[in-house]
$ cat final_11.txt   # compact mmCIF, C-alpha atoms and all ligand atoms
# COMPACT_ATOMS: atom_id res chain seq x y z
CA MET A 1 123.19 98.80 87.82
CA THR A 2 124.62 99.57 84.45
CA THR A 3 122.18 102.07 82.98
CA LYS A 4 122.54 105.81 83.42
CA PRO A 5 120.21 107.46 85.93
CA GLN A 6 116.68 108.21 84.88
CA LEU A 7 116.16 110.42 87.88
CA ARG A 8 118.62 112.56 89.73
CA ILE A 9 117.60 113.97 93.11
CA ILE A 10 120.14 116.71 93.82
CA ASN A 11 120.60 118.36 97.23
CA VAL A 12 116.84 118.42 97.74
CA SER A 13 115.35 120.03 100.81
CA LYS A 14 111.72 120.13 101.88
CA ARG A 15 110.12 122.20 104.57
CA TYR A 16 106.33 122.31 105.04
CA ALA A 17 104.69 125.55 106.10
CA ASN A 18 105.55 126.44 109.73
CA GLY A 19 107.66 123.31 110.12
CA SER A 20 111.33 122.45 110.34
CA ALA A 21 113.18 120.79 107.44
CA VAL A 22 111.78 117.32 106.72
CA LEU A 23 114.42 116.59 104.09
CA ASP A 24 117.75 118.35 103.81
CA ASP A 25 120.57 117.92 101.31
CA PHE A 26 118.95 114.73 100.01
CA SER A 27 120.67 113.34 96.93
CA LEU A 28 120.12 110.09 95.05
CA ASP A 29 120.41 108.81 91.48
CA ILE A 30 117.75 106.36 90.35
CA ALA A 31 118.36 104.27 87.22
CA ASN A 32 115.79 103.13 84.67
CA ASP A 33 115.87 99.55 85.84
CA ASP A 34 116.04 100.40 89.54
CA PHE A 35 113.64 99.12 92.16
CA VAL A 36 114.50 101.24 95.18
CA ALA A 37 112.90 100.93 98.61
CA PHE A 38 112.95 103.79 101.12
CA ILE A 39 112.95 102.77 104.77
CA GLY A 40 113.63 104.75 107.94
CA PRO A 41 112.22 106.00 111.23
CA ARG A 42 108.61 107.23 111.42
CA GLY A 43 108.18 110.68 109.96
CA CYS A 44 111.65 110.84 108.38
CA GLY A 45 110.21 112.01 105.06
CA LYS A 46 109.81 108.81 103.02
CA SER A 47 106.37 109.71 101.64
CA THR A 48 107.54 113.26 101.09
CA ILE A 49 110.22 111.98 98.70
CA LEU A 50 107.54 110.21 96.64
CA ARG A 51 105.31 113.30 96.67
CA LEU A 52 108.21 115.43 95.44
CA LEU A 53 108.97 112.93 92.68
CA ALA A 54 105.31 112.99 91.64
CA GLY A 55 105.19 116.78 91.66
CA LEU A 56 102.42 116.70 94.30
CA THR A 57 104.28 119.12 96.55
CA PRO A 58 106.93 121.74 95.66
CA LEU A 59 110.64 121.49 96.47
CA SER A 60 111.98 123.95 99.05
CA GLY A 61 115.47 123.67 97.58
CA GLY A 62 117.63 121.61 95.25
CA ASN A 63 116.49 119.99 92.07
CA ILE A 64 115.02 116.82 90.60
CA GLU A 65 116.29 116.10 87.10
CA HIS A 66 114.71 113.66 84.76
CA LEU A 67 117.43 112.74 82.34
CA GLY A 68 115.03 111.44 79.70
CA GLY A 69 114.17 115.05 79.01
CA GLU A 70 110.51 114.98 80.00
CA GLU A 71 109.16 116.02 83.37
CA ILE A 72 109.04 113.00 85.61
CA HIS A 73 105.60 113.58 87.04
CA ARG A 74 104.07 113.35 83.55
CA ARG A 75 105.18 109.73 83.31
CA THR A 76 104.71 108.78 86.94
CA SER A 77 101.93 106.89 88.73
CA PHE A 78 101.35 107.05 92.46
CA ILE A 79 99.93 104.08 94.39
CA PHE A 80 98.68 104.90 97.88
CA GLN A 81 98.26 102.59 100.86
CA GLU A 82 94.47 102.91 100.64
CA PRO A 83 93.36 101.90 97.15
CA THR A 84 91.69 105.12 95.97
CA LEU A 85 89.21 103.45 93.64
CA LEU A 86 86.03 105.36 92.85
CA PRO A 87 83.19 103.38 94.49
CA TRP A 88 80.63 104.22 91.81
CA ARG A 89 82.79 102.88 88.99
CA THR A 90 83.42 99.23 88.14
CA VAL A 91 86.94 97.79 88.16
CA GLU A 92 87.23 98.26 84.39
CA SER A 93 85.84 101.77 84.55
CA ASN A 94 88.29 102.68 87.34
CA ILE A 95 91.18 101.37 85.27
CA ARG A 96 89.98 103.32 82.21
CA LEU A 97 89.80 106.56 84.19
CA PRO A 98 93.43 107.77 83.80
CA LEU A 99 93.22 106.97 80.09
CA GLU A 100 89.98 108.93 79.83
CA LEU A 101 91.63 111.87 81.58
CA ARG A 102 94.49 111.73 79.06
CA GLY A 103 91.97 111.95 76.22
CA ALA A 104 92.57 108.41 74.92
CA SER A 105 90.00 107.16 72.40
CA LYS A 106 87.32 104.67 73.58
CA ASP A 107 89.06 101.87 71.64
CA GLU A 108 92.42 102.66 73.20
CA GLN A 109 90.87 102.78 76.68
CA GLU A 110 89.26 99.41 76.12
CA ASP A 111 92.39 97.77 74.68
CA GLN A 112 94.66 99.07 77.42
CA ALA A 113 92.21 98.28 80.23
CA HIS A 114 91.68 94.73 78.97
CA GLU A 115 95.40 94.13 78.57
CA ILE A 116 96.25 95.40 82.04
CA MET A 117 93.32 93.53 83.67
CA LYS A 118 94.60 90.34 82.05
CA LEU A 119 98.10 91.05 83.37
CA TRP A 120 96.77 91.52 86.91
CA GLU A 121 94.28 88.62 86.63
CA LEU A 122 91.31 90.92 87.10
CA SER A 123 89.32 90.11 83.94
CA HIS A 124 86.78 88.00 85.85
CA VAL A 125 85.94 90.90 88.20
CA SER A 126 85.95 93.67 85.57
CA GLU A 127 82.24 94.45 86.16
CA ARG A 128 82.42 94.44 89.96
CA TYR A 129 82.41 97.57 92.08
CA PRO A 130 85.20 98.23 94.64
CA LEU A 131 82.88 97.37 97.57
CA GLN A 132 82.47 93.88 96.09
CA LEU A 133 86.23 93.20 96.11
CA SER A 134 88.56 91.69 98.71
CA ALA A 135 91.35 93.93 100.03
CA GLY A 136 93.88 92.10 97.85
CA MET A 137 91.73 92.53 94.75
CA LYS A 138 91.32 96.23 95.48
CA THR A 139 95.09 96.59 95.68
CA ARG A 140 95.45 94.68 92.39
CA ALA A 141 92.92 97.01 90.76
CA SER A 142 94.72 100.04 92.14
CA LEU A 143 98.06 98.78 90.78
CA ALA A 144 96.43 97.99 87.42
CA ARG A 145 94.97 101.49 87.24
CA GLY A 146 98.37 102.96 88.10
CA LEU A 147 99.93 101.11 85.18
CA ALA A 148 97.15 101.77 82.66
CA THR A 149 98.94 104.78 81.21
CA ALA A 150 102.25 102.87 80.92
CA PRO A 151 104.20 105.08 83.37
CA ARG A 152 107.99 105.00 83.34
CA CYS A 153 108.07 105.29 87.09
CA LEU A 154 105.75 103.75 89.69
CA LEU A 155 105.73 105.36 93.14
CA LEU A 156 104.42 102.96 95.78
CA ASP A 157 103.58 104.38 99.20
CA GLU A 158 103.15 101.34 101.47
CA PRO A 159 100.74 99.73 99.03
CA PHE A 160 100.64 96.40 100.88
CA ALA A 161 100.70 97.63 104.48
CA ALA A 162 97.03 96.89 105.20
CA LEU A 163 97.08 93.37 103.73
CA ASP A 164 97.55 90.03 105.48
CA ALA A 165 100.99 88.40 105.13
CA ILE A 166 99.94 85.79 102.54
CA THR A 167 98.22 88.31 100.24
CA ARG A 168 101.09 90.73 100.70
CA ASN A 169 103.70 88.15 99.65
CA LYS A 170 101.58 87.09 96.70
CA LEU A 171 101.23 90.66 95.47
CA CYS A 172 104.96 91.30 95.85
CA VAL A 173 105.60 88.35 93.53
CA GLU A 174 102.89 89.57 91.14
CA LEU A 175 104.38 93.05 91.08
CA MET A 176 107.76 91.66 90.06
CA ARG A 177 106.10 89.49 87.39
CA VAL A 178 104.24 92.48 85.93
CA ARG A 179 107.35 94.64 86.06
CA GLU A 180 109.17 92.11 83.86
CA LYS A 181 106.55 92.80 81.18
CA ARG A 182 106.09 96.56 81.66
CA HIS A 183 109.64 97.65 82.57
CA PHE A 184 109.01 100.58 84.89
CA THR A 185 111.27 102.11 87.51
CA ALA A 186 109.85 101.48 90.98
CA CYS A 187 110.22 103.53 94.18
CA LEU A 188 108.68 101.91 97.23
CA VAL A 189 108.11 103.30 100.71
CA THR A 190 107.76 100.60 103.33
CA HIS A 191 108.18 99.95 107.05
CA SER A 192 108.99 96.30 106.42
CA ALA A 193 112.68 95.51 106.06
CA ALA A 194 111.77 92.06 104.68
CA GLU A 195 109.50 93.57 102.01
CA ALA A 196 112.20 96.09 101.07
CA VAL A 197 114.84 93.38 100.66
CA PHE A 198 112.50 91.05 98.79
CA LEU A 199 111.46 93.66 96.23
CA ALA A 200 114.28 96.16 95.84
CA ASN A 201 117.68 96.02 94.23
CA ARG A 202 118.70 98.93 96.48
CA VAL A 203 117.35 99.66 99.94
CA ILE A 204 117.79 103.31 100.90
CA VAL A 205 117.97 103.75 104.68
CA LEU A 206 117.10 107.27 105.80
CA THR A 207 118.07 109.32 108.82
CA ALA A 208 115.44 111.33 110.70
CA ASN A 209 115.30 115.08 111.41
CA PRO A 210 116.20 115.91 108.75
CA GLY A 211 115.79 112.99 106.34
CA ARG A 212 118.94 112.14 104.41
CA VAL A 213 120.43 109.03 102.86
CA ALA A 214 122.17 107.20 105.70
CA GLU A 215 123.12 103.95 103.97
CA ILE A 216 122.36 102.15 100.72
CA ILE A 217 122.18 98.37 100.81
CA GLU A 218 122.53 96.62 97.47
CA VAL A 219 120.49 93.45 96.98
CA PRO A 220 122.13 91.75 93.98
CA GLU A 221 119.59 88.91 93.46
CA THR A 222 118.10 89.16 89.95
CA HIS A 223 114.42 89.92 89.28
CA PRO A 224 111.85 88.47 89.28
CA ARG A 225 112.46 86.78 92.62
CA LYS A 226 110.62 83.77 93.94
CA LEU A 227 109.16 83.49 97.45
CA ALA A 228 111.60 80.65 98.13
CA TRP A 229 114.43 83.16 97.88
CA ARG A 230 113.32 84.52 101.24
CA GLU A 231 114.48 81.26 102.81
CA THR A 232 118.08 81.67 101.60
CA ASN A 233 121.17 82.87 103.46
CA ALA A 234 121.63 85.65 100.89
CA PHE A 235 118.20 87.08 101.76
CA GLN A 236 118.88 86.81 105.48
CA GLU A 237 122.24 88.51 105.06
CA ALA A 238 120.73 91.46 103.18
CA LEU A 239 117.92 91.66 105.75
CA ASN A 240 120.45 91.78 108.59
CA GLN A 241 122.32 94.58 106.81
CA VAL A 242 119.12 96.63 106.54
CA ARG A 243 118.12 95.97 110.16
CA ASN A 244 121.61 96.89 111.39
CA ALA A 245 121.53 100.11 109.36
CA LEU A 246 118.12 100.94 110.84
CA ASN A 247 119.47 100.32 114.35
CA ARG A 248 122.42 102.63 113.67
CA VAL A 249 120.04 105.35 112.44
CA GLN A 250 117.82 104.96 115.54
CA GLU A 251 120.86 105.08 117.85
CA ALA A 252 122.20 108.20 116.15
CA ALA A 253 118.76 109.85 116.49
CA LYS A 254 118.71 109.10 120.25
CA GLN A 255 122.14 110.67 120.73
CA SER A 256 121.43 113.85 118.77
N1 LIG A 301 101.27 118.42 104.16
C1 LIG A 301 102.02 118.49 105.26
N2 LIG A 301 102.03 119.63 105.99
C2 LIG A 301 102.82 119.73 107.10
N3 LIG A 301 103.61 118.75 107.55
C3 LIG A 301 103.64 117.60 106.86
C4 LIG A 301 102.84 117.41 105.68
N4 LIG A 301 103.07 116.16 105.20
C5 LIG A 301 103.96 115.60 106.04
N5 LIG A 301 104.30 116.45 107.03
C6 LIG A 301 105.25 116.19 108.11
O1 LIG A 301 106.51 115.89 107.51
C7 LIG A 301 107.17 114.85 108.20
C8 LIG A 301 107.49 113.73 107.21
O2 LIG A 301 106.27 113.16 106.76
P1 LIG A 301 106.27 111.93 105.76
O3 LIG A 301 104.86 111.46 105.65
O4 LIG A 301 107.01 112.26 104.53
O5 LIG A 301 107.17 110.88 106.58
P2 LIG A 301 107.22 109.29 106.49
O6 LIG A 301 108.64 108.92 106.74
O7 LIG A 301 106.61 108.80 105.23
O8 LIG A 301 106.30 108.93 107.74
P3 LIG A 301 105.74 107.51 108.25
O9 LIG A 301 106.93 106.68 108.61
O10 LIG A 301 104.94 107.86 109.46
O11 LIG A 301 104.92 106.90 107.16
C9 LIG A 301 106.25 114.44 109.34
O12 LIG A 301 106.68 115.10 110.50
C10 LIG A 301 104.90 114.93 108.92
O13 LIG A 301 104.11 115.25 110.03

$ encode --input "final_11.txt" --output "structure tokens" --more "lines below"
Ligand SMILES: Nc1ncnc2c1ncn2[C@@H]1O[C@H](COP(=O)(O)OP(=O)(O)OP(=O)(O)O)[C@@H](O)[C@H]1O
Amino acid sequence: MTTKPQLRIINVSKRYANGSAVLDDFSLDIANDDFVAFIGPRGCGKSTILRLLAGLTPLSGGNIEHLGGEEIHRRTSFIFQEPTLLPWRTVESNIRLPLELRGASKDEQEDQAHEIMKLWELSHVSERYPLQLSAGMKTRASLARGLATAPRCLLLDEPFAALDAITRNKLCVELMRVREKRHFTACLVTHSAAEAVFLANRVIVLTANPGRVAEIIEVPETHPRKLAWRETNAFQEALNQVRNALNRVQEAAKQS
């Protein structure tokens, strides 16, 4: 990573009402060209980090600085595990929605929607409704909608978790292909160490109770990566590092 951080998470803590601290003293710099993956024990606060970055829930302490000067959540898109497409709107109309909400002109909506549908190979299903789509297509449409407003940062909360392995791998490759064209920072939450290593240039392993950065594993392979890379020793080595870090975190949690 050579670029200066786009996002600086500084000593952040998060406590929900009536609960103990989910995150405490959580600090991390995220660069413009970063693809970071958050992984850790169940309930350690991975999704909470994304919600804080998106401004969907308030900080209890600390600060999140966006060094570009603008508030991060204004240029951020959130992709959830369940594609939250509106069932009464077609694919194109769903993708136009965030542009509509921003007050974009009809021409701009159409241009952007068509461009992004082409990028995600959705043009042939533009007039279909979500119920008429396969799970993979729904996820594609959800990712396309998330990118319609050209966000600088894409927050991905287990977007592929409900998909079969083949579709999941395909969409990982597609996501990297699209990112080469759209150049956004990506923050992924996943339970899959293999998915984290395949997609991210840094895998952030979290502790539980409270969630903090335990270890950061660098994955130096350049983007976009091909599926065949998963068969290499370099991939296996990075995967072992992540799995070992996860084991250490689990062991430490048992002893505390
Ligand atoms: N809105 C909320 N109100 C109260 N508690 C919450 C809320 N959202 C999350 N929590 C609690 O905060 C903790 C962290 O939740 P979060 O979803 O961030 O963890 P996670 O690491 O993403 O979980 P998982 O691995 O299960 O996906 C959990 O104990 C959860 O029950």

$ closest_atom_pairs --input "final_11.txt" --of "chain A" --to "ligand LIG 301 (chain A)" --cutoff "7 Å" --atoms "only C-alpha atoms and all ligand atoms" --output "Markdown table"
| residue | atom | partner | partner_atom | distance |
| --- | --- | --- | --- | --- |
| A:Tyr16 | CA | A:LIG301 | C2 | 4.8 |
| A:Ala17 | CA | A:LIG301 | C2 | 6.2 |
| A:Gly19 | CA | A:LIG301 | N3 | 6.6 |
| A:Val22 | CA | A:LIG301 | C7 | 5.4 |
| A:Gly40 | CA | A:LIG301 | O6 | 6.6 |
| A:Pro41 | CA | A:LIG301 | O9 | 5.9 |
| A:Arg42 | CA | A:LIG301 | O9 | 3.3 |
| A:Gly43 | CA | A:LIG301 | O8 | 3.4 |
| A:Cys44 | CA | A:LIG301 | O6 | 3.9 |
| A:Gly45 | CA | A:LIG301 | O4 | 3.3 |
| A:Lys46 | CA | A:LIG301 | O7 | 3.9 |
| A:Ser47 | CA | A:LIG301 | O7 | 3.7 |
| A:Thr48 | CA | A:LIG301 | O4 | 3.6 |
| A:Ile49 | CA | A:LIG301 | O4 | 6.7 |

$ atom_distance --input "final_11.txt" --atom1 "atom CA of A:Leu56" --atom2 "atom CA of A:Arg75"
13.3 Å

$ axis_aligned_box --input "final_11.txt" --around "stretch 174-191 of chain A" --padding-each-side "3 Å" --output "lines of an AutoDock Vina configuration file"
center_x = 107.1
center_y = 96.5
center_z = 94.1
size_x = 14.4
size_y = 20.0
size_z = 31.9

$ residues_around --input "final_11.txt" --residues "stretch 214-219 of chain A" --least-positions-apart "6" --cutoff "7 Å" --atoms "all atoms listed in the file" --output "NGL selection string"
:A and (197 or 200-207 or 238 or 242 or 245)

$ atom_distance --input "final_11.txt" --atom1 "atom CA of A:Ala104" --atom2 "atom CA of A:Met117"
17.3 Å

$ closest_residue --input "final_11.txt" --among "A:Lys138, A:Arg182, A:Arg145, A:Lys226" --to "A:Glu82" --atoms "all atoms listed in the file"
A:Lys138

$ residues_near_point --input "final_11.txt" --point "(93.4, 93.2, 89.2)" --cutoff "9 Å" --atoms "all atoms listed in the file" --output "list in words"
Val91, Ile116, Met117, Lys118, Leu119, Trp120, Glu121, Leu122, Ser123, Val125, Ser126, Gly136, Met137, Lys138, Thr139, Arg140, Ala141, Ser142, Leu143, Ala144 and Arg145 of chain A

$ closest_residue --input "final_11.txt" --among "A:Ala21, A:Val173, A:Ile30, A:Ala113" --to "A:Cys187" --atoms "all atoms listed in the file"
A:Ile30

$ atom_distance --input "final_11.txt" --atom1 "atom CA of A:Leu156" --atom2 "atom CA of A:Ile79"
4.8 Å

$ closest_residue --input "final_11.txt" --among "A:Tyr129, A:Phe160, A:Phe198, A:Phe35" --to "A:Gln81" --atoms "all atoms listed in the file"
A:Phe160
